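One file, query35.pdb, carrying PDB, C-alpha atoms:
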MODEL        1
ATOM      1  CA  MET T   7      93.669  12.540-155.626
ATOM      2  CA  ILE T   8      94.588   9.802-158.022
ATOM      3  CA  GLY T   9      92.246   9.731-160.993
ATOM      4  CA  THR T  10      90.137  12.631-159.750
ATOM      5  CA  LYS T  11      89.732  15.736-161.833
ATOM      6  CA  ALA T  12      88.953  18.719-159.619
ATOM      7  CA  LEU T  13      87.656  22.159-160.521
ATOM      8  CA  ILE T  14      87.192  25.228-158.381
ATOM      9  CA  VAL T  15      84.661  27.802-159.544
ATOM     10  CA  TYR T  16      84.775  31.082-157.651
ATOM     11  CA  ILE T  17      83.801  34.709-157.786
ATOM     12  CA  SER T  18      85.747  37.351-155.889
ATOM     13  CA  VAL T  19      84.275  40.824-156.246
ATOM     14  CA  HIS T  20      85.547  43.426-153.801
ATOM     15  CA  HIS T  21      88.965  42.769-152.242
ATOM     16  CA  GLY T  22      90.227  39.493-153.727
ATOM     17  CA  ASN T  23      89.475  37.643-150.469
ATOM     18  CA  THR T  24      87.847  34.631-152.064
ATOM     19  CA  GLU T  25      90.329  34.478-154.920
ATOM     20  CA  ARG T  26      93.195  34.052-152.424
ATOM     21  CA  ILE T  27      91.381  31.135-150.781
ATOM     22  CA  ALA T  28      90.401  29.629-154.162
ATOM     23  CA  ARG T  29      94.018  29.709-155.342
ATOM     24  CA  ALA T  30      95.268  28.054-152.145
ATOM     25  CA  LEU T  31      92.651  25.299-152.456
ATOM     26  CA  ALA T  32      93.392  24.776-156.155
ATOM     27  CA  GLU T  33      97.117  24.498-155.559
ATOM     28  CA  ARG T  34      96.730  21.976-152.754
ATOM     29  CA  LEU T  35      94.135  19.902-154.641
ATOM     30  CA  GLY T  36      95.839  20.114-158.034
ATOM     31  CA  ALA T  37      92.555  21.561-159.282
ATOM     32  CA  ASP T  38      91.760  23.745-162.248
ATOM     33  CA  LEU T  39      90.525  27.229-161.360
ATOM     34  CA  LEU T  40      87.718  29.029-163.175
ATOM     35  CA  ALA T  41      86.039  32.380-162.492
ATOM     36  CA  CYS T  42      82.272  31.965-162.207
ATOM     37  CA  PRO T  43      81.369  34.208-165.151
ATOM     38  CA  ASP T  44      83.459  31.901-167.382
ATOM     39  CA  ALA T  45      81.879  28.679-166.069
ATOM     40  CA  ASP T  46      79.161  26.735-167.806
ATOM     41  CA  PRO T  47      77.445  23.419-167.016
ATOM     42  CA  ASP T  48      79.242  21.500-169.776
ATOM     43  CA  THR T  49      82.646  22.466-168.395
ATOM     44  CA  ILE T  50      81.732  21.719-164.784
ATOM     45  CA  LEU T  51      80.401  18.272-165.563
ATOM     46  CA  ARG T  52      83.778  17.195-166.973
ATOM     47  CA  TYR T  53      85.091  17.105-163.383
ATOM     48  CA  ASP T  54      84.664  14.614-160.537
ATOM     49  CA  LEU T  55      85.061  17.098-157.674
ATOM     50  CA  ILE T  56      83.755  20.656-157.897
ATOM     51  CA  GLY T  57      84.474  23.412-155.387
ATOM     52  CA  LEU T  58      82.215  26.462-155.428
ATOM     53  CA  GLY T  59      83.001  29.633-153.526
ATOM     54  CA  SER T  60      82.458  33.342-153.144
ATOM     55  CA  GLY T  61      82.137  36.043-150.590
ATOM     56  CA  ILE T  62      78.874  36.144-148.689
ATOM     57  CA  TYR T  63      76.334  38.695-149.906
ATOM     58  CA  PHE T  64      73.155  39.310-147.935
ATOM     59  CA  GLY T  65      73.568  35.961-146.186
ATOM     60  CA  ARG T  66      74.356  33.750-149.180
ATOM     61  CA  HIS T  67      76.889  33.001-151.887
ATOM     62  CA  HIS T  68      77.104  35.316-154.883
ATOM     63  CA  GLY T  69      74.180  35.030-157.313
ATOM     64  CA  CYS T  70      76.506  33.932-160.115
ATOM     65  CA  LEU T  71      77.140  30.621-158.323
ATOM     66  CA  LEU T  72      73.479  30.119-157.454
ATOM     67  CA  ASP T  73      72.463  30.743-161.076
ATOM     68  CA  LEU T  74      75.170  28.388-162.345
ATOM     69  CA  VAL T  75      73.939  25.546-160.140
ATOM     70  CA  ASP T  76      70.365  26.200-161.297
ATOM     71  CA  ARG T  77      71.538  25.545-164.875
ATOM     72  CA  LEU T  78      73.219  22.228-164.026
ATOM     73  CA  PRO T  79      71.448  19.013-164.959
ATOM     74  CA  PRO T  80      70.890  16.413-162.245
ATOM     75  CA  SER T  81      74.161  14.694-161.342
ATOM     76  CA  CYS T  82      74.735  11.111-160.295
ATOM     77  CA  GLU T  83      76.703  11.367-157.076
ATOM     78  CA  ARG T  84      79.210  13.939-158.311
ATOM     79  CA  ARG T  85      81.175  15.369-155.376
ATOM     80  CA  ALA T  86      81.250  19.040-154.391
ATOM     81  CA  PHE T  87      82.511  21.299-151.649
ATOM     82  CA  LEU T  88      81.642  24.849-150.698
ATOM     83  CA  PHE T  89      83.822  27.671-149.463
ATOM     84  CA  SER T  90      83.423  31.331-148.665
ATOM     85  CA  THR T  91      84.903  34.396-147.073
ATOM     86  CA  ALA T  92      82.657  36.462-144.851
ATOM     87  CA  GLY T  93      82.606  39.350-142.446
ATOM     88  CA  TYR T  94      81.208  36.987-139.828
ATOM     89  CA  PRO T  95      82.118  33.375-140.740
ATOM     90  CA  ARG T  96      80.719  31.809-137.579
ATOM     91  CA  LEU T  97      77.376  31.559-139.345
ATOM     92  CA  MET T  98      78.786  29.395-142.151
ATOM     93  CA  GLY T  99      75.929  26.896-141.919
ATOM     94  CA  ARG T 100      73.436  29.654-142.556
ATOM     95  CA  TRP T 101      75.527  31.340-145.265
ATOM     96  CA  HIS T 102      76.065  28.109-147.192
ATOM     97  CA  LYS T 103      72.504  26.797-146.883
ATOM     98  CA  ALA T 104      71.050  28.087-150.182
ATOM     99  CA  LEU T 105      73.922  26.854-152.377
ATOM    100  CA  LYS T 106      74.202  23.571-150.503
ATOM    101  CA  GLU T 107      70.474  22.857-150.883
ATOM    102  CA  LYS T 108      70.629  23.581-154.625
ATOM    103  CA  LEU T 109      73.569  21.193-155.053
ATOM    104  CA  VAL T 110      71.954  18.427-153.011
ATOM    105  CA  THR T 111      68.748  18.789-155.043
ATOM    106  CA  LYS T 112      70.837  18.267-158.188
ATOM    107  CA  GLY T 113      72.269  15.055-156.710
ATOM    108  CA  PHE T 114      75.692  16.290-155.599
ATOM    109  CA  LEU T 115      77.398  14.785-152.572
ATOM    110  CA  ILE T 116      78.717  17.574-150.333
ATOM    111  CA  LYS T 117      82.189  16.573-149.136
ATOM    112  CA  GLY T 118      82.893  19.595-146.951
ATOM    113  CA  GLU T 119      82.532  23.285-146.276
ATOM    114  CA  PHE T 120      85.054  26.000-145.449
ATOM    115  CA  CYS T 121      84.616  29.619-144.434
ATOM    116  CA  CYS T 122      87.066  32.181-143.096
ATOM    117  CA  GLU T 123      87.032  35.862-142.282
ATOM    118  CA  GLY T 124      87.397  38.267-145.164
ATOM    119  CA  PHE T 125      87.947  42.013-145.246
ATOM    120  CA  ASP T 126      84.451  43.457-145.479
ATOM    121  CA  THR T 127      83.643  47.058-146.387
ATOM    122  CA  TYR T 128      80.152  46.494-147.696
ATOM    123  CA  GLY T 129      77.391  49.011-146.979
ATOM    124  CA  PRO T 130      77.616  50.770-143.625
ATOM    125  CA  LEU T 131      80.888  48.996-142.811
ATOM    126  CA  ALA T 132      82.587  51.357-145.268
ATOM    127  CA  PHE T 133      81.923  54.251-142.862
ATOM    128  CA  ILE T 134      84.071  52.606-140.186
ATOM    129  CA  GLY T 135      86.800  51.379-142.543
ATOM    130  CA  GLY T 136      85.473  47.841-142.726
ATOM    131  CA  ILE T 137      86.007  44.799-140.543
ATOM    132  CA  ASN T 138      88.558  41.995-140.640
ATOM    133  CA  LYS T 139      91.315  44.091-142.189
ATOM    134  CA  GLY T 140      94.111  41.940-143.542
ATOM    135  CA  ARG T 141      91.932  38.842-143.809
ATOM    136  CA  PRO T 142      92.229  36.283-145.149
ATOM    137  CA  ASP T 143      95.718  36.133-143.713
ATOM    138  CA  ALA T 144      98.466  33.496-143.651
ATOM    139  CA  ASN T 145      96.639  31.538-140.933
ATOM    140  CA  ASP T 146      93.478  31.469-143.052
ATOM    141  CA  ILE T 147      95.473  30.163-146.021
ATOM    142  CA  VAL T 148      96.933  27.409-143.814
ATOM    143  CA  ALA T 149      93.403  26.522-142.639
ATOM    144  CA  ALA T 150      92.201  26.377-146.263
ATOM    145  CA  GLU T 151      95.124  24.117-147.163
ATOM    146  CA  ALA T 152      94.294  21.848-144.206
ATOM    147  CA  PHE T 153      90.690  21.706-145.424
ATOM    148  CA  ALA T 154      91.970  20.688-148.873
ATOM    149  CA  GLU T 155      94.162  18.005-147.274
ATOM    150  CA  ASP T 156      91.068  16.605-145.533
ATOM    151  CA  LEU T 157      89.283  16.474-148.897
ATOM    152  CA  LEU T 158      92.237  14.603-150.371
ATOM    153  CA  ARG T 159      92.238  12.063-147.529
ATOM    154  CA  GLU T 160      88.527  11.382-148.005
ATOM    155  CA  SER T 161      88.852  10.804-151.761
TER     156      SER T 161
ENDMDL
END
Once you've parsed the file, please lay out its structure as structure tokens.
Amino acid sequence: MIGTKALIVYISVHHGNTERIARALAERLGADLLACPDADPDTILRYDLIGLGSGIYFGRHHGCLLDLVDRLPPSCERRAFLFSTAGYPRLMGRWHKALKEKLVTKGFLIKGEFCCEGFDTYGPLAFIGGINKGRPDANDIVAAEAFAEDLLRES
């Protein structure tokens, strides 16, 4: 990504699922990595490509990311991508909808989306020991790296 400054903003709350994916993406993209609570609009707007990711909570990204995007000023065609880990990633389009709509409203160009399974012990799942134990795994990391490679090719 010659001449592109990339930043990944993430929040990983329960098992480190999203942090593992965020680190893999950052390494492949040569991006800076920033935990959501430490992110602010001024910092984000210093970058050309911004990745935003978290686990999925009640069908959407973590509120920290949604609140952060609400605080961003309108952007002239700045590029962004979304990523997540979820108990049931097949519904990525639904899970990513709220954050994606907020970004598009702010003028961001969405360059891609990634979601993989993550170990999930939230709520009643704790009673059965959770689902997707061991996820994300090495195959998920490879898939995240391939996603990053696609982003690099499109830049």
Across T:Arg77, T:Lys117, T:Arg141, T:His67, the smallest distance to Leu105 in chain T, with all atoms listed in the file counted, is shown by T:His67
Run the PyMOL selection byres ((chain T and resi 150) around 8) against the file shown and list the residues it catches, as a ChimeraX atom specification.
/T:27,30-31,120,146-149,151-154
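Relative to CA of Cys122 in chain T, CA of Asp38 in chain T is found at 21.4 Å.
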If you count only C-alpha atoms, the residue of T:Arg66, T:Arg34, T:Lys139, T:Arg159 closest to Ile14 in chain T turns out to be T:Arg34
note - CA of Ala41 in chain T and CA of His20 in chain T are separated by 14.1 Å
Atom pair CA of Gly61 in chain T + CA of Leu88 in chain T, distance 11.2 Å
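Proximity of T:Thr10, T:Thr111, T:Ser60, T:Thr91 to Val75 in chain T, computed with only C-alpha atoms, is greatest for T:Thr111.
Using only C-alpha atoms for every distance, the candidate list T:Asp143, T:Asp48, T:Glu107, T:Glu160 yields T:Asp143 as the residue closest to Glu123 in chain T.
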Given the PyMOL selection byres ((chain T and resi 45) around 12), the residues it picks as a short mmCIF file (atom, residue, chain, number, x, y, z; two decimals) with C-alpha atoms, in the coordinates of the input:
data_model
loop_
_atom_site.label_atom_id
_atom_site.label_comp_id
_atom_site.auth_asym_id
_atom_site.auth_seq_id
_atom_site.Cartn_x
_atom_site.Cartn_y
_atom_site.Cartn_z
CA LEU T 13 87.66 22.16 -160.52
CA ILE T 14 87.19 25.23 -158.38
CA VAL T 15 84.66 27.80 -159.54
CA TYR T 16 84.78 31.08 -157.65
CA ILE T 17 83.80 34.71 -157.79
CA ASP T 38 91.76 23.74 -162.25
CA LEU T 39 90.52 27.23 -161.36
CA LEU T 40 87.72 29.03 -163.18
CA ALA T 41 86.04 32.38 -162.49
CA CYS T 42 82.27 31.96 -162.21
CA PRO T 43 81.37 34.21 -165.15
CA ASP T 44 83.46 31.90 -167.38
CA ASP T 46 79.16 26.74 -167.81
CA PRO T 47 77.44 23.42 -167.02
CA ASP T 48 79.24 21.50 -169.78
CA THR T 49 82.65 22.47 -168.40
CA ILE T 50 81.73 21.72 -164.78
CA LEU T 51 80.40 18.27 -165.56
CA ARG T 52 83.78 17.20 -166.97
CA ILE T 56 83.76 20.66 -157.90
CA LEU T 58 82.22 26.46 -155.43
CA CYS T 70 76.51 33.93 -160.12
CA LEU T 71 77.14 30.62 -158.32
CA ASP T 73 72.46 30.74 -161.08
CA LEU T 74 75.17 28.39 -162.34
CA VAL T 75 73.94 25.55 -160.14
CA ARG T 77 71.54 25.54 -164.88
CA LEU T 78 73.22 22.23 -164.03
#
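Checking T:Ile116, T:Cys121, T:Ala92, T:Ala144 one by one against Leu157 in chain T, counting only C-alpha atoms, you find the shortest gap at T:Ile116.
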What would range 24-35 of chain T look like with all heavy atoms restored, written as a PDB file, in the coordinates of the input?
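Listing of part04.pdb after writing:
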ATOM      1  N   THR T  24      88.201  35.986-151.657  1.00  0.00           N
ATOM      2  CA  THR T  24      87.847  34.631-152.064  1.00  0.00           C
ATOM      3  C   THR T  24      88.828  34.087-153.093  1.00  0.00           C
ATOM      4  O   THR T  24      89.133  32.894-153.095  1.00  0.00           O
ATOM      5  CB  THR T  24      86.405  34.591-152.594  1.00  0.00           C
ATOM      6  OG1 THR T  24      85.541  35.159-151.602  1.00  0.00           O
ATOM      7  CG2 THR T  24      85.960  33.182-152.901  1.00  0.00           C
ATOM      8  N   GLU T  25      89.348  34.948-153.940  1.00  0.00           N
ATOM      9  CA  GLU T  25      90.329  34.478-154.920  1.00  0.00           C
ATOM     10  C   GLU T  25      91.566  33.918-154.231  1.00  0.00           C
ATOM     11  O   GLU T  25      92.120  32.898-154.661  1.00  0.00           O
ATOM     12  CB  GLU T  25      90.715  35.593-155.881  1.00  0.00           C
ATOM     13  CG  GLU T  25      91.674  35.111-156.946  1.00  0.00           C
ATOM     14  CD  GLU T  25      91.966  36.133-158.014  1.00  0.00           C
ATOM     15  OE1 GLU T  25      91.540  37.308-157.890  1.00  0.00           O
ATOM     16  OE2 GLU T  25      92.629  35.762-158.997  1.00  0.00           O
ATOM     17  N   ARG T  26      92.020  34.560-153.147  1.00  0.00           N
ATOM     18  CA  ARG T  26      93.195  34.052-152.424  1.00  0.00           C
ATOM     19  C   ARG T  26      92.925  32.655-151.869  1.00  0.00           C
ATOM     20  O   ARG T  26      93.772  31.762-151.954  1.00  0.00           O
ATOM     21  CB  ARG T  26      93.604  35.013-151.313  1.00  0.00           C
ATOM     22  CG  ARG T  26      94.250  36.269-151.853  1.00  0.00           C
ATOM     23  CD  ARG T  26      95.010  37.059-150.798  1.00  0.00           C
ATOM     24  NE  ARG T  26      94.186  37.648-149.765  1.00  0.00           N
ATOM     25  CZ  ARG T  26      93.471  38.763-149.880  1.00  0.00           C
ATOM     26  NH1 ARG T  26      93.484  39.431-151.014  1.00  0.00           N
ATOM     27  NH2 ARG T  26      92.781  39.235-148.874  1.00  0.00           N
ATOM     28  N   ILE T  27      91.734  32.455-151.313  1.00  0.00           N
ATOM     29  CA  ILE T  27      91.381  31.135-150.781  1.00  0.00           C
ATOM     30  C   ILE T  27      91.233  30.137-151.932  1.00  0.00           C
ATOM     31  O   ILE T  27      91.717  29.001-151.847  1.00  0.00           O
ATOM     32  CB  ILE T  27      90.095  31.215-149.935  1.00  0.00           C
ATOM     33  CG1 ILE T  27      90.313  32.109-148.702  1.00  0.00           C
ATOM     34  CG2 ILE T  27      89.617  29.820-149.527  1.00  0.00           C
ATOM     35  CD1 ILE T  27      91.392  31.647-147.747  1.00  0.00           C
ATOM     36  N   ALA T  28      90.583  30.525-153.014  1.00  0.00           N
ATOM     37  CA  ALA T  28      90.401  29.629-154.162  1.00  0.00           C
ATOM     38  C   ALA T  28      91.746  29.171-154.712  1.00  0.00           C
ATOM     39  O   ALA T  28      91.920  27.984-155.039  1.00  0.00           O
ATOM     40  CB  ALA T  28      89.579  30.331-155.253  1.00  0.00           C
ATOM     41  N   ARG T  29      92.696  30.078-154.823  1.00  0.00           N
ATOM     42  CA  ARG T  29      94.018  29.709-155.342  1.00  0.00           C
ATOM     43  C   ARG T  29      94.743  28.739-154.412  1.00  0.00           C
ATOM     44  O   ARG T  29      95.388  27.792-154.874  1.00  0.00           O
ATOM     45  CB  ARG T  29      94.850  30.955-155.602  1.00  0.00           C
ATOM     46  CG  ARG T  29      94.351  31.745-156.795  1.00  0.00           C
ATOM     47  CD  ARG T  29      95.276  32.889-157.208  1.00  0.00           C
ATOM     48  NE  ARG T  29      94.725  33.603-158.329  1.00  0.00           N
ATOM     49  CZ  ARG T  29      94.720  33.164-159.591  1.00  0.00           C
ATOM     50  NH1 ARG T  29      95.268  32.002-159.872  1.00  0.00           N
ATOM     51  NH2 ARG T  29      94.178  33.887-160.553  1.00  0.00           N
ATOM     52  N   ALA T  30      94.631  28.961-153.108  1.00  0.00           N
ATOM     53  CA  ALA T  30      95.268  28.054-152.145  1.00  0.00           C
ATOM     54  C   ALA T  30      94.652  26.658-152.230  1.00  0.00           C
ATOM     55  O   ALA T  30      95.374  25.646-152.223  1.00  0.00           O
ATOM     56  CB  ALA T  30      95.133  28.612-150.729  1.00  0.00           C
ATOM     57  N   LEU T  31      93.330  26.592-152.328  1.00  0.00           N
ATOM     58  CA  LEU T  31      92.651  25.299-152.456  1.00  0.00           C
ATOM     59  C   LEU T  31      93.054  24.603-153.757  1.00  0.00           C
ATOM     60  O   LEU T  31      93.349  23.404-153.765  1.00  0.00           O
ATOM     61  CB  LEU T  31      91.132  25.494-152.417  1.00  0.00           C
ATOM     62  CG  LEU T  31      90.521  25.936-151.086  1.00  0.00           C
ATOM     63  CD1 LEU T  31      89.075  26.365-151.280  1.00  0.00           C
ATOM     64  CD2 LEU T  31      90.636  24.829-150.046  1.00  0.00           C
ATOM     65  N   ALA T  32      93.051  25.349-154.852  1.00  0.00           N
ATOM     66  CA  ALA T  32      93.392  24.776-156.155  1.00  0.00           C
ATOM     67  C   ALA T  32      94.810  24.220-156.161  1.00  0.00           C
ATOM     68  O   ALA T  32      95.054  23.118-156.676  1.00  0.00           O
ATOM     69  CB  ALA T  32      93.214  25.816-157.257  1.00  0.00           C
ATOM     70  N   GLU T  33      95.726  24.963-155.585  1.00  0.00           N
ATOM     71  CA  GLU T  33      97.117  24.498-155.559  1.00  0.00           C
ATOM     72  C   GLU T  33      97.242  23.206-154.767  1.00  0.00           C
ATOM     73  O   GLU T  33      97.867  22.243-155.214  1.00  0.00           O
ATOM     74  CB  GLU T  33      98.022  25.576-154.962  1.00  0.00           C
ATOM     75  CG  GLU T  33      99.471  25.188-154.991  1.00  0.00           C
ATOM     76  CD  GLU T  33     100.385  26.307-154.520  1.00  0.00           C
ATOM     77  OE1 GLU T  33     100.078  27.487-154.761  1.00  0.00           O
ATOM     78  OE2 GLU T  33     101.401  25.978-153.885  1.00  0.00           O
ATOM     79  N   ARG T  34      96.621  23.161-153.606  1.00  0.00           N
ATOM     80  CA  ARG T  34      96.730  21.976-152.754  1.00  0.00           C
ATOM     81  C   ARG T  34      96.024  20.765-153.372  1.00  0.00           C
ATOM     82  O   ARG T  34      96.488  19.641-153.242  1.00  0.00           O
ATOM     83  CB  ARG T  34      96.155  22.287-151.373  1.00  0.00           C
ATOM     84  CG  ARG T  34      96.363  21.227-150.332  1.00  0.00           C
ATOM     85  CD  ARG T  34      97.816  20.837-150.142  1.00  0.00           C
ATOM     86  NE  ARG T  34      98.647  21.977-149.832  1.00  0.00           N
ATOM     87  CZ  ARG T  34      99.450  22.093-148.796  1.00  0.00           C
ATOM     88  NH1 ARG T  34      99.527  21.103-147.938  1.00  0.00           N
ATOM     89  NH2 ARG T  34     100.170  23.161-148.619  1.00  0.00           N
ATOM     90  N   LEU T  35      94.904  21.002-154.045  1.00  0.00           N
ATOM     91  CA  LEU T  35      94.135  19.902-154.641  1.00  0.00           C
ATOM     92  C   LEU T  35      94.608  19.516-156.042  1.00  0.00           C
ATOM     93  O   LEU T  35      94.169  18.506-156.573  1.00  0.00           O
ATOM     94  CB  LEU T  35      92.647  20.285-154.723  1.00  0.00           C
ATOM     95  CG  LEU T  35      91.906  20.447-153.415  1.00  0.00           C
ATOM     96  CD1 LEU T  35      90.535  21.063-153.656  1.00  0.00           C
ATOM     97  CD2 LEU T  35      91.783  19.109-152.694  1.00  0.00           C
TER      98      LEU T  35
END
